[in-house]
file upload.txt (compact mmCIF, C-alpha atoms)
# COMPACT_ATOMS: atom_id res chain seq x y z
CA MET A 1001 -28.46 51.00 -138.61
CA TYR A 1002 -27.67 54.61 -137.71
CA PHE A 1003 -24.40 55.52 -136.01
CA PRO A 1004 -23.87 59.12 -134.81
CA PRO A 1005 -20.72 61.01 -135.82
CA ASP A 1006 -17.41 60.96 -133.98
CA PRO A 1007 -16.38 64.59 -133.28
CA ARG A 1008 -12.72 63.51 -133.20
CA LYS A 1009 -12.88 62.61 -136.89
CA TRP A 1010 -14.49 65.75 -138.33
CA PRO A 1011 -13.11 69.30 -138.50
CA GLY A 1012 -16.52 70.97 -138.32
CA PRO A 1013 -19.76 70.68 -136.35
CA VAL A 1014 -21.40 67.31 -135.69
CA ALA A 1015 -24.98 66.32 -134.94
CA ASP A 1016 -26.75 63.18 -133.75
CA LEU A 1017 -29.65 63.20 -136.21
CA ARG A 1018 -31.83 61.26 -133.79
CA ARG A 1019 -31.80 64.28 -131.48
CA GLU A 1020 -31.31 67.36 -133.65
CA ILE A 1021 -31.74 68.37 -137.28
CA PRO A 1022 -29.19 71.05 -138.23
CA ARG A 1023 -29.74 73.51 -141.03
CA GLY A 1024 -27.60 73.83 -144.16
CA ILE A 1025 -25.39 71.13 -145.63
CA VAL A 1026 -25.28 67.92 -143.62
CA LEU A 1027 -23.05 64.99 -144.49
CA ILE A 1028 -24.43 61.51 -144.00
CA GLY A 1029 -22.50 58.39 -144.93
CA PHE A 1030 -24.08 55.30 -146.47
CA CYS A 1031 -21.76 52.42 -145.64
CA SER A 1032 -22.92 49.76 -148.05
CA ASP A 1033 -21.36 47.11 -150.25
CA GLU A 1034 -24.52 45.07 -150.72
CA GLY A 1035 -25.73 46.86 -153.86
CA VAL A 1036 -22.37 46.44 -155.59
CA ARG A 1037 -22.22 42.81 -154.47
CA ARG A 1038 -25.67 42.15 -155.93
CA ASN A 1039 -24.51 43.80 -159.16
CA CYS A 1040 -21.49 41.45 -159.26
CA GLY A 1041 -19.04 44.32 -158.83
CA ARG A 1042 -15.87 44.76 -156.76
CA VAL A 1043 -16.77 45.60 -153.18
CA GLY A 1044 -15.08 48.10 -150.88
CA ALA A 1045 -17.40 51.13 -150.98
CA ARG A 1046 -18.64 50.33 -147.48
CA GLU A 1047 -15.46 52.02 -146.25
CA GLY A 1048 -15.97 55.11 -148.40
CA PRO A 1049 -17.53 57.49 -145.84
CA ALA A 1050 -14.80 56.94 -143.24
CA VAL A 1051 -11.96 57.51 -145.70
CA PHE A 1052 -13.75 60.52 -147.22
CA ARG A 1053 -13.81 62.06 -143.74
CA GLN A 1054 -10.08 61.45 -143.37
CA ALA A 1055 -9.39 63.19 -146.68
CA PHE A 1056 -11.78 66.05 -145.93
CA SER A 1057 -10.44 66.60 -142.41
CA LYS A 1058 -7.69 68.79 -143.86
CA PHE A 1059 -10.26 71.39 -144.96
CA PRO A 1060 -11.84 73.87 -142.54
CA THR A 1061 -15.58 73.46 -142.95
CA SER A 1062 -18.99 74.43 -141.63
CA ILE A 1063 -20.59 71.29 -143.10
CA THR A 1064 -22.19 69.31 -140.30
CA ASP A 1065 -21.32 65.63 -140.00
CA GLY A 1066 -24.54 63.73 -139.36
CA GLY A 1067 -23.08 60.25 -139.00
CA ASP A 1068 -23.61 57.05 -140.96
CA ILE A 1069 -26.17 54.50 -141.99
CA ILE A 1070 -24.42 51.13 -141.98
CA SER A 1071 -26.00 48.49 -144.19
CA GLY A 1072 -25.73 44.74 -143.84
CA THR A 1073 -27.30 42.25 -146.21
CA ASP A 1074 -30.75 43.81 -145.74
CA LEU A 1075 -30.13 46.62 -148.21
CA GLU A 1076 -33.77 47.62 -148.49
CA GLU A 1077 -34.05 48.26 -144.75
CA ALA A 1078 -30.92 50.44 -144.82
CA GLN A 1079 -32.22 52.37 -147.83
CA GLN A 1080 -35.49 53.05 -146.05
CA GLU A 1081 -33.69 54.24 -142.93
CA LEU A 1082 -31.46 56.55 -144.97
CA SER A 1083 -34.44 58.07 -146.79
CA GLN A 1084 -36.14 58.84 -143.47
CA PHE A 1085 -33.15 60.86 -142.28
CA LEU A 1086 -32.67 62.59 -145.65
CA THR A 1087 -36.28 63.77 -145.67
CA LYS A 1088 -35.56 65.92 -142.61
CA LEU A 1089 -32.43 67.62 -143.98
CA GLU A 1090 -32.25 70.93 -145.82
CA LEU A 1091 -29.35 69.96 -148.10
CA PRO A 1092 -27.99 66.45 -147.57
CA LEU A 1093 -24.56 65.44 -148.83
CA ILE A 1094 -24.54 61.64 -149.08
CA ILE A 1095 -21.23 59.80 -149.34
CA GLY A 1096 -21.25 56.13 -150.35
CA GLY A 1097 -21.22 53.41 -150.52
CA GLY A 1098 -22.49 51.98 -153.77
CA HIS A 1099 -24.85 53.79 -156.11
CA GLU A 1100 -27.77 52.05 -154.45
CA LEU A 1101 -27.75 55.22 -152.33
CA ALA A 1102 -29.50 57.06 -155.18
CA TRP A 1103 -32.81 55.28 -154.54
CA PRO A 1104 -33.25 56.56 -150.96
CA GLN A 1105 -31.95 59.92 -152.17
CA TYR A 1106 -34.87 59.95 -154.60
CA LEU A 1107 -37.40 58.80 -152.00
CA ALA A 1108 -36.51 61.85 -149.90
CA SER A 1109 -36.70 64.30 -152.84
CA PRO A 1110 -39.59 66.53 -153.92
CA LYS A 1111 -41.51 64.65 -156.62
CA GLU A 1112 -43.09 67.60 -158.42
CA SER A 1113 -40.95 69.15 -161.16
CA LEU A 1114 -37.93 67.02 -160.24
CA GLY A 1115 -34.87 66.70 -162.46
CA ILE A 1116 -32.48 63.82 -161.88
CA ILE A 1117 -28.87 64.33 -162.96
CA ASN A 1118 -26.45 61.44 -162.75
CA ILE A 1119 -22.82 62.04 -163.72
CA ASP A 1120 -21.84 58.46 -164.36
CA ALA A 1121 -20.29 56.02 -166.82
CA HIS A 1122 -23.39 53.82 -166.46
CA PHE A 1123 -27.13 54.35 -166.91
CA ASP A 1124 -27.95 52.27 -163.80
CA LEU A 1125 -31.26 51.30 -165.40
CA ARG A 1126 -31.03 47.59 -164.71
CA SER A 1127 -34.09 45.58 -163.73
CA GLY A 1128 -34.25 43.12 -160.86
CA PRO A 1129 -33.82 43.40 -157.08
CA SER A 1130 -32.41 46.66 -155.74
CA SER A 1131 -28.68 47.01 -156.40
CA SER A 1132 -26.09 49.59 -157.37
CA GLY A 1133 -27.33 49.29 -160.95
CA THR A 1134 -31.11 49.61 -160.52
CA SER A 1135 -31.81 52.94 -158.80
CA PHE A 1136 -32.81 54.97 -161.83
CA LEU A 1137 -35.18 52.36 -163.24
CA GLN A 1138 -36.76 52.24 -159.79
CA MET A 1139 -37.20 56.02 -160.03
CA ALA A 1140 -38.67 55.78 -163.53
CA LYS A 1141 -41.32 53.34 -162.31
CA HIS A 1142 -42.15 55.61 -159.39
CA GLN A 1143 -42.02 59.04 -161.04
CA HIS A 1144 -44.89 60.27 -163.24
CA LEU A 1145 -42.65 62.60 -165.26
CA PHE A 1146 -39.16 61.12 -165.46
CA HIS A 1147 -36.65 63.90 -166.20
CA TYR A 1148 -33.36 61.99 -166.16
CA ALA A 1149 -30.01 63.09 -167.56
CA CYS A 1150 -27.02 60.75 -167.49
CA LEU A 1151 -23.74 62.46 -168.30
CA GLY A 1152 -20.45 60.70 -169.01
CA ILE A 1153 -21.73 57.44 -170.49
CA GLN A 1154 -19.20 54.84 -171.64
CA SER A 1155 -20.66 52.96 -174.61
CA GLN A 1156 -18.71 49.77 -173.95
CA SER A 1157 -19.85 49.69 -170.31
CA ASN A 1158 -23.59 49.65 -171.06
CA SER A 1159 -25.41 46.86 -172.87
CA LYS A 1160 -27.59 47.28 -175.95
CA GLU A 1161 -30.60 46.57 -173.74
CA LEU A 1162 -29.66 49.42 -171.41
CA PHE A 1163 -29.43 51.85 -174.33
CA GLN A 1164 -32.86 50.65 -175.47
CA THR A 1165 -34.26 51.18 -171.98
CA ALA A 1166 -32.78 54.68 -171.91
CA GLU A 1167 -34.37 55.45 -175.27
CA SER A 1168 -37.77 54.13 -174.20
CA LEU A 1169 -37.66 56.36 -171.11
CA ASN A 1170 -36.51 59.45 -173.08
CA VAL A 1171 -33.33 59.70 -171.03
CA HIS A 1172 -31.10 62.62 -171.95
CA TRP A 1173 -27.60 61.15 -172.13
CA ILE A 1174 -24.20 62.17 -173.40
CA THR A 1175 -21.02 60.15 -173.74
CA ALA A 1176 -17.87 60.94 -171.81
CA GLU A 1177 -16.06 61.74 -175.04
CA LYS A 1178 -18.69 64.22 -176.19
CA LEU A 1179 -19.00 65.80 -172.76
CA SER A 1180 -15.24 66.33 -172.68
CA LYS A 1181 -15.21 68.01 -176.09
CA GLU A 1182 -18.45 69.99 -176.07
CA GLY A 1183 -19.77 70.22 -172.53
CA TRP A 1184 -23.46 69.74 -171.85
CA LYS A 1185 -25.25 71.85 -174.44
CA GLY A 1186 -28.67 70.78 -173.17
CA GLN A 1187 -28.06 71.95 -169.62
CA LYS A 1188 -30.02 75.21 -169.77
CA ALA A 1189 -33.10 73.58 -171.31
CA PHE A 1190 -33.02 70.74 -168.78
CA LEU A 1191 -32.73 73.10 -165.81
CA ASN A 1192 -35.46 75.38 -167.12
CA ALA A 1193 -37.88 72.44 -167.24
CA VAL A 1194 -37.61 71.59 -163.52
CA ASP A 1195 -37.72 73.30 -160.13
CA HIS A 1196 -35.73 70.77 -158.10
CA LEU A 1197 -32.61 68.71 -158.78
CA LEU A 1198 -31.39 65.41 -157.44
CA LEU A 1199 -27.68 65.49 -158.23
CA THR A 1200 -25.48 62.42 -157.96
CA LEU A 1201 -21.90 61.73 -159.01
CA CYS A 1202 -20.53 58.23 -159.48
CA LEU A 1203 -16.76 58.34 -159.18
CA ASP A 1204 -16.37 55.73 -161.91
CA VAL A 1205 -17.14 58.48 -164.43
CA PHE A 1206 -13.55 59.69 -163.96
CA ALA A 1207 -10.59 58.23 -165.79
CA GLU A 1208 -8.81 55.55 -163.81
CA ALA A 1209 -5.75 57.80 -163.55
CA TYR A 1210 -7.81 60.11 -161.30
CA ALA A 1211 -10.16 57.63 -159.61
CA PRO A 1212 -8.81 54.08 -159.40
CA GLY A 1213 -10.73 53.32 -156.22
CA VAL A 1214 -14.07 52.33 -157.76
CA SER A 1215 -15.79 49.08 -158.62
CA ALA A 1216 -15.55 49.59 -162.39
CA PRO A 1217 -12.61 51.88 -163.30
CA GLN A 1218 -12.60 53.58 -166.70
CA PRO A 1219 -9.36 54.03 -168.67
CA PHE A 1220 -10.95 56.73 -170.86
CA GLY A 1221 -13.17 58.45 -168.33
CA LEU A 1222 -13.55 62.14 -167.59
CA THR A 1223 -11.04 64.51 -166.04
CA PRO A 1224 -11.72 66.64 -162.96
CA GLN A 1225 -11.33 69.68 -165.21
CA THR A 1226 -14.46 68.57 -167.10
CA VAL A 1227 -16.56 67.56 -164.11
CA LEU A 1228 -15.80 70.38 -161.68
CA PRO A 1229 -17.22 73.26 -163.79
CA LEU A 1230 -20.32 71.17 -164.48
CA LEU A 1231 -20.90 70.51 -160.79
CA ARG A 1232 -20.32 74.16 -159.93
CA SER A 1233 -22.82 75.39 -162.50
CA LEU A 1234 -25.48 72.90 -161.38
CA ILE A 1235 -25.07 73.82 -157.73
CA ALA A 1236 -25.12 77.53 -158.65
CA SER A 1237 -28.61 77.03 -160.12
CA ASN A 1238 -29.94 76.89 -156.53
CA LYS A 1239 -32.14 73.96 -157.57
CA VAL A 1240 -30.05 71.17 -156.04
CA ARG A 1241 -31.95 69.61 -153.12
CA SER A 1242 -29.46 66.81 -152.44
CA PHE A 1243 -26.02 65.77 -153.68
CA SER A 1244 -24.42 62.35 -153.45
CA ILE A 1245 -21.04 60.85 -154.31
CA ALA A 1246 -21.09 57.12 -154.93
CA GLU A 1247 -18.71 54.20 -155.40
CA LEU A 1248 -15.78 55.40 -153.28
CA ALA A 1249 -14.02 52.09 -152.53
CA PRO A 1250 -10.82 52.73 -150.52
CA PRO A 1251 -9.58 49.10 -150.49
CA LEU A 1252 -9.20 49.39 -154.27
CA ASP A 1253 -7.03 52.53 -153.97
CA PRO A 1254 -4.13 52.15 -151.50
CA THR A 1255 -2.83 55.67 -152.18
CA GLY A 1256 -6.15 57.33 -151.33
CA GLN A 1257 -6.24 59.57 -154.39
CA THR A 1258 -9.92 58.81 -155.15
CA ALA A 1259 -10.94 59.97 -151.67
CA ARG A 1260 -8.82 63.10 -152.05
CA LEU A 1261 -10.52 63.84 -155.37
CA ALA A 1262 -13.96 63.50 -153.76
CA ALA A 1263 -12.93 65.72 -150.85
CA HIS A 1264 -11.56 68.44 -153.15
CA LEU A 1265 -14.74 68.37 -155.24
CA VAL A 1266 -16.92 68.93 -152.19
CA SER A 1267 -14.67 71.66 -150.79
CA THR A 1268 -14.57 73.47 -154.12
CA CYS A 1269 -18.26 73.09 -154.99
CA PHE A 1270 -19.44 74.36 -151.61
CA PRO A 1271 -17.05 77.26 -150.91
CA SER A 1272 -19.44 78.79 -148.37
CA SER A 1273 -18.86 75.70 -146.24
CA ARG A 1274 -15.19 76.53 -145.69

call {"tool": "encode", "arguments": {"input": "upload.txt", "output": "structure tokens"}}
result
Amino acid sequence: MYFPPDPRKWPGPVADLRREIPRGIVLIGFCSDEGVRRNCGRVGAREGPAVFRQAFSKFPTSITDGGDIISGTDLEEAQQELSQFLTKLELPLIIGGGHELAWPQYLASPKESLGIINIDAHFDLRSGPSSSGTSFLQMAKHQHLFHYACLGIQSQSNSKELFQTAESLNVHWITAEKLSKEGWKGQKAFLNAVDHLLLTLCLDVFAEAYAPGVSAPQPFGLTPQTVLPLLRSLIASNKVRSFSIAELAPPLDPTGQTARLAAHLVSTCFPSSR
């Protein structure tokens, strides 16, 4: 169900997306725990959008707050509703919520010459009913040419079957360790092969020291110093059509540092919004 934004909780413009469709970057929250629950993870991401707004409220911004989609147990209905709003937006910024948000993000994306970039510790190529771990296999079954790059993979957090699925789908992937040491050497070739980008960041790609407030924290994840330049360069390509941040679970992070990290990333990656 859609809930319009509260102007008291956002430092910039707000818009009721049922009545107006603003141009530029528009934030929309996806308040959902159901995908993580179905994936047997630790819940709490439902509260992510509200706490992200609190952390981001310290930054002057021209990003428009477009409100929230709040999901109950009928995840598929909420995903469909989110995709309908995203289709209308010029550059949506989706804050989750579990990574089940990536499926409606895809449904609202251009399908021709689309590249999908997921900065994540997990492939999220699981089979079965829609969950936080299935979005990219859903995309693969829907997309004729599946250009998918998964950056920051943790070998111990993905099963042998998931690696086999990634291989069968010709997924371009790189481990967190290699990304930290070498960067993404295949970035130019990947970008040159597509005209549009779906960009999504799962906060569990970061080391637990930086992002404890996620369902599956990683002791040896990435640092912000590795991820920030990558995000900046991808956004600078002018091919990004939507950007999402998933798995922000405030109840798992009493100090709020994960939300602050997400807020700083958005503020830094979209400097024109300040």

call {"tool": "residues_around", "arguments": {"input": "upload.txt", "residues": "range 1261-1265 of chain A", "least_positions_apart": "3", "cutoff": "7 Å", "atoms": "all atoms listed in the file", "output": "number ranges by chain"}}
result
A: 1052, 1055-1056, 1228, 1257-1258, 1268-1269

call {"tool": "atom_distance", "arguments": {"input": "upload.txt", "atom1": "CA of Ser1132 in chain A", "atom2": "CA of Leu1191 in chain A"}}
result
25.8 Å

call {"tool": "residues_around", "arguments": {"input": "upload.txt", "residues": "Arg1037 in chain A", "least_positions_apart": "4", "cutoff": "9 Å", "atoms": "all atoms listed in the file", "output": "PyMOL selection string"}}
result
chain A and resi 1033+1041-1043+1131-1132

call {"tool": "atom_distance", "arguments": {"input": "upload.txt", "atom1": "CA of Ser1237 in chain A", "atom2": "CA of Cys1150 in chain A"}}
result
17.9 Å

call {"tool": "residues_around", "arguments": {"input": "upload.txt", "residues": "Gly1097 in chain A", "least_positions_apart": "6", "cutoff": "10 Å", "atoms": "only C-alpha atoms", "output": "MDAnalysis selection string"}}
result
chainID A and resid 1029:1036 1043:1049 1069:1071 1132 1244:1249

call {"tool": "closest_atom_pairs", "arguments": {"input": "upload.txt", "of": "range 1033-1097 of chain A", "to": "range 1017-1023 of chain A", "cutoff": "9 Å", "atoms": "only C-alpha atoms", "output": "JSON lines"}}
result
{"residue": "A:Thr1064", "atom": "CA", "partner": "A:Pro1022", "partner_atom": "CA", "distance": 7.5}
{"residue": "A:Gly1066", "atom": "CA", "partner": "A:Leu1017", "partner_atom": "CA", "distance": 6.0}
{"residue": "A:Gly1067", "atom": "CA", "partner": "A:Leu1017", "partner_atom": "CA", "distance": 7.7}
{"residue": "A:Phe1085", "atom": "CA", "partner": "A:Leu1017", "partner_atom": "CA", "distance": 7.4}
{"residue": "A:Lys1088", "atom": "CA", "partner": "A:Ile1021", "partner_atom": "CA", "distance": 7.0}
{"residue": "A:Leu1089", "atom": "CA", "partner": "A:Ile1021", "partner_atom": "CA", "distance": 6.8}
{"residue": "A:Glu1090", "atom": "CA", "partner": "A:Arg1023", "partner_atom": "CA", "distance": 6.0}
{"residue": "A:Leu1091", "atom": "CA", "partner": "A:Arg1023", "partner_atom": "CA", "distance": 7.9}

call {"tool": "closest_residue", "arguments": {"input": "upload.txt", "among": "A:Ser1130, A:Ser1168, A:Ser1180, A:Asn1192", "to": "Phe1220 in chain A", "atoms": "only C-alpha atoms"}}
result
A:Ser1180

call {"tool": "residues_around", "arguments": {"input": "upload.txt", "residues": "Leu1151 in chain A", "least_positions_apart": "6", "cutoff": "12 Å", "atoms": "only C-alpha atoms", "output": "PyMOL selection string"}}
result
chain A and resi 1116-1124+1171-1180+1183-1187+1199-1202+1204-1206+1221-1222+1226-1227+1230-1231

call {"tool": "closest_residue", "arguments": {"input": "upload.txt", "among": "A:Ile1063, A:Ala1166, A:Ala1207, A:Ile1094", "to": "Tyr1148 in chain A", "atoms": "only C-alpha atoms"}}
result
A:Ala1166

call {"tool": "build_atoms", "arguments": {"input": "upload.txt", "residues": "range 1054-1082 of chain A", "atoms": "N, CA and C atoms", "output": "PDB file, in the coordinates of the input"}}
result
ATOM      1  N   GLN A1054     -11.520  61.278-143.572  1.00  0.00           N
ATOM      2  CA  GLN A1054     -10.080  61.450-143.370  1.00  0.00           C
ATOM      3  C   GLN A1054      -9.509  62.441-144.377  1.00  0.00           C
ATOM      4  N   ALA A1055      -9.901  62.297-145.637  1.00  0.00           N
ATOM      5  CA  ALA A1055      -9.390  63.190-146.680  1.00  0.00           C
ATOM      6  C   ALA A1055      -9.909  64.608-146.508  1.00  0.00           C
ATOM      7  N   PHE A1056     -11.158  64.731-146.058  1.00  0.00           N
ATOM      8  CA  PHE A1056     -11.780  66.050-145.930  1.00  0.00           C
ATOM      9  C   PHE A1056     -11.356  66.754-144.648  1.00  0.00           C
ATOM     10  N   SER A1057     -10.785  66.018-143.712  1.00  0.00           N
ATOM     11  CA  SER A1057     -10.440  66.600-142.410  1.00  0.00           C
ATOM     12  C   SER A1057      -9.388  67.695-142.515  1.00  0.00           C
ATOM     13  N   LYS A1058      -8.712  67.764-143.654  1.00  0.00           N
ATOM     14  CA  LYS A1058      -7.690  68.790-143.860  1.00  0.00           C
ATOM     15  C   LYS A1058      -8.292  70.136-144.237  1.00  0.00           C
ATOM     16  N   PHE A1059      -9.605  70.150-144.552  1.00  0.00           N
ATOM     17  CA  PHE A1059     -10.260  71.390-144.960  1.00  0.00           C
ATOM     18  C   PHE A1059     -11.072  71.957-143.798  1.00  0.00           C
ATOM     19  N   PRO A1060     -10.916  73.256-143.495  1.00  0.00           N
ATOM     20  CA  PRO A1060     -11.840  73.870-142.540  1.00  0.00           C
ATOM     21  C   PRO A1060     -13.239  73.875-143.145  1.00  0.00           C
ATOM     22  N   THR A1061     -14.255  73.588-142.364  1.00  0.00           N
ATOM     23  CA  THR A1061     -15.580  73.460-142.950  1.00  0.00           C
ATOM     24  C   THR A1061     -16.669  73.806-141.941  1.00  0.00           C
ATOM     25  N   SER A1062     -17.801  74.253-142.453  1.00  0.00           N
ATOM     26  CA  SER A1062     -18.990  74.430-141.630  1.00  0.00           C
ATOM     27  C   SER A1062     -20.036  73.368-141.951  1.00  0.00           C
ATOM     28  N   ILE A1063     -19.698  72.418-142.842  1.00  0.00           N
ATOM     29  CA  ILE A1063     -20.590  71.290-143.100  1.00  0.00           C
ATOM     30  C   ILE A1063     -20.726  70.474-141.826  1.00  0.00           C
ATOM     31  N   THR A1064     -21.948  70.126-141.486  1.00  0.00           N
ATOM     32  CA  THR A1064     -22.190  69.310-140.300  1.00  0.00           C
ATOM     33  C   THR A1064     -22.099  67.831-140.652  1.00  0.00           C
ATOM     34  N   ASP A1065     -21.374  67.083-139.840  1.00  0.00           N
ATOM     35  CA  ASP A1065     -21.320  65.630-140.000  1.00  0.00           C
ATOM     36  C   ASP A1065     -22.496  65.024-139.236  1.00  0.00           C
ATOM     37  N   GLY A1066     -23.361  64.330-139.979  1.00  0.00           N
ATOM     38  CA  GLY A1066     -24.540  63.730-139.360  1.00  0.00           C
ATOM     39  C   GLY A1066     -24.433  62.249-139.104  1.00  0.00           C
ATOM     40  N   GLY A1067     -23.243  61.664-139.296  1.00  0.00           N
ATOM     41  CA  GLY A1067     -23.080  60.250-139.000  1.00  0.00           C
ATOM     42  C   GLY A1067     -23.323  59.347-140.193  1.00  0.00           C
ATOM     43  N   ASP A1068     -23.534  58.072-139.918  1.00  0.00           N
ATOM     44  CA  ASP A1068     -23.610  57.050-140.960  1.00  0.00           C
ATOM     45  C   ASP A1068     -24.823  56.151-140.800  1.00  0.00           C
ATOM     46  N   ILE A1069     -25.305  55.674-141.945  1.00  0.00           N
ATOM     47  CA  ILE A1069     -26.170  54.500-141.990  1.00  0.00           C
ATOM     48  C   ILE A1069     -25.288  53.347-142.438  1.00  0.00           C
ATOM     49  N   ILE A1070     -25.238  52.290-141.644  1.00  0.00           N
ATOM     50  CA  ILE A1070     -24.420  51.130-141.980  1.00  0.00           C
ATOM     51  C   ILE A1070     -25.338  49.991-142.391  1.00  0.00           C
ATOM     52  N   SER A1071     -25.143  49.519-143.608  1.00  0.00           N
ATOM     53  CA  SER A1071     -26.000  48.490-144.190  1.00  0.00           C
ATOM     54  C   SER A1071     -25.343  47.123-144.073  1.00  0.00           C
ATOM     55  N   GLY A1072     -26.156  46.130-143.754  1.00  0.00           N
ATOM     56  CA  GLY A1072     -25.730  44.740-143.840  1.00  0.00           C
ATOM     57  C   GLY A1072     -26.284  44.130-145.112  1.00  0.00           C
ATOM     58  N   THR A1073     -26.733  42.902-145.020  1.00  0.00           N
ATOM     59  CA  THR A1073     -27.300  42.250-146.210  1.00  0.00           C
ATOM     60  C   THR A1073     -28.718  42.705-146.499  1.00  0.00           C
ATOM     61  N   ASP A1074     -29.394  43.303-145.509  1.00  0.00           N
ATOM     62  CA  ASP A1074     -30.750  43.810-145.740  1.00  0.00           C
ATOM     63  C   ASP A1074     -30.644  45.235-146.283  1.00  0.00           C
ATOM     64  N   LEU A1075     -30.335  45.321-147.574  1.00  0.00           N
ATOM     65  CA  LEU A1075     -30.130  46.620-148.210  1.00  0.00           C
ATOM     66  C   LEU A1075     -31.386  47.469-148.161  1.00  0.00           C
ATOM     67  N   GLU A1076     -32.528  46.859-148.423  1.00  0.00           N
ATOM     68  CA  GLU A1076     -33.770  47.620-148.490  1.00  0.00           C
ATOM     69  C   GLU A1076     -34.090  48.309-147.164  1.00  0.00           C
ATOM     70  N   GLU A1077     -33.819  47.646-146.065  1.00  0.00           N
ATOM     71  CA  GLU A1077     -34.050  48.260-144.750  1.00  0.00           C
ATOM     72  C   GLU A1077     -33.128  49.463-144.556  1.00  0.00           C
ATOM     73  N   ALA A1078     -31.868  49.328-144.953  1.00  0.00           N
ATOM     74  CA  ALA A1078     -30.920  50.440-144.820  1.00  0.00           C
ATOM     75  C   ALA A1078     -31.312  51.603-145.722  1.00  0.00           C
ATOM     76  N   GLN A1079     -31.774  51.315-146.924  1.00  0.00           N
ATOM     77  CA  GLN A1079     -32.220  52.370-147.830  1.00  0.00           C
ATOM     78  C   GLN A1079     -33.402  53.129-147.238  1.00  0.00           C
ATOM     79  N   GLN A1080     -34.330  52.405-146.652  1.00  0.00           N
ATOM     80  CA  GLN A1080     -35.490  53.050-146.050  1.00  0.00           C
ATOM     81  C   GLN A1080     -35.087  53.932-144.882  1.00  0.00           C
ATOM     82  N   GLU A1081     -34.160  53.453-144.073  1.00  0.00           N
ATOM     83  CA  GLU A1081     -33.690  54.240-142.930  1.00  0.00           C
ATOM     84  C   GLU A1081     -32.981  55.504-143.406  1.00  0.00           C
ATOM     85  N   LEU A1082     -32.147  55.379-144.434  1.00  0.00           N
ATOM     86  CA  LEU A1082     -31.460  56.550-144.970  1.00  0.00           C
ATOM     87  C   LEU A1082     -32.459  57.573-145.484  1.00  0.00           C
TER      88      LEU A1082
END
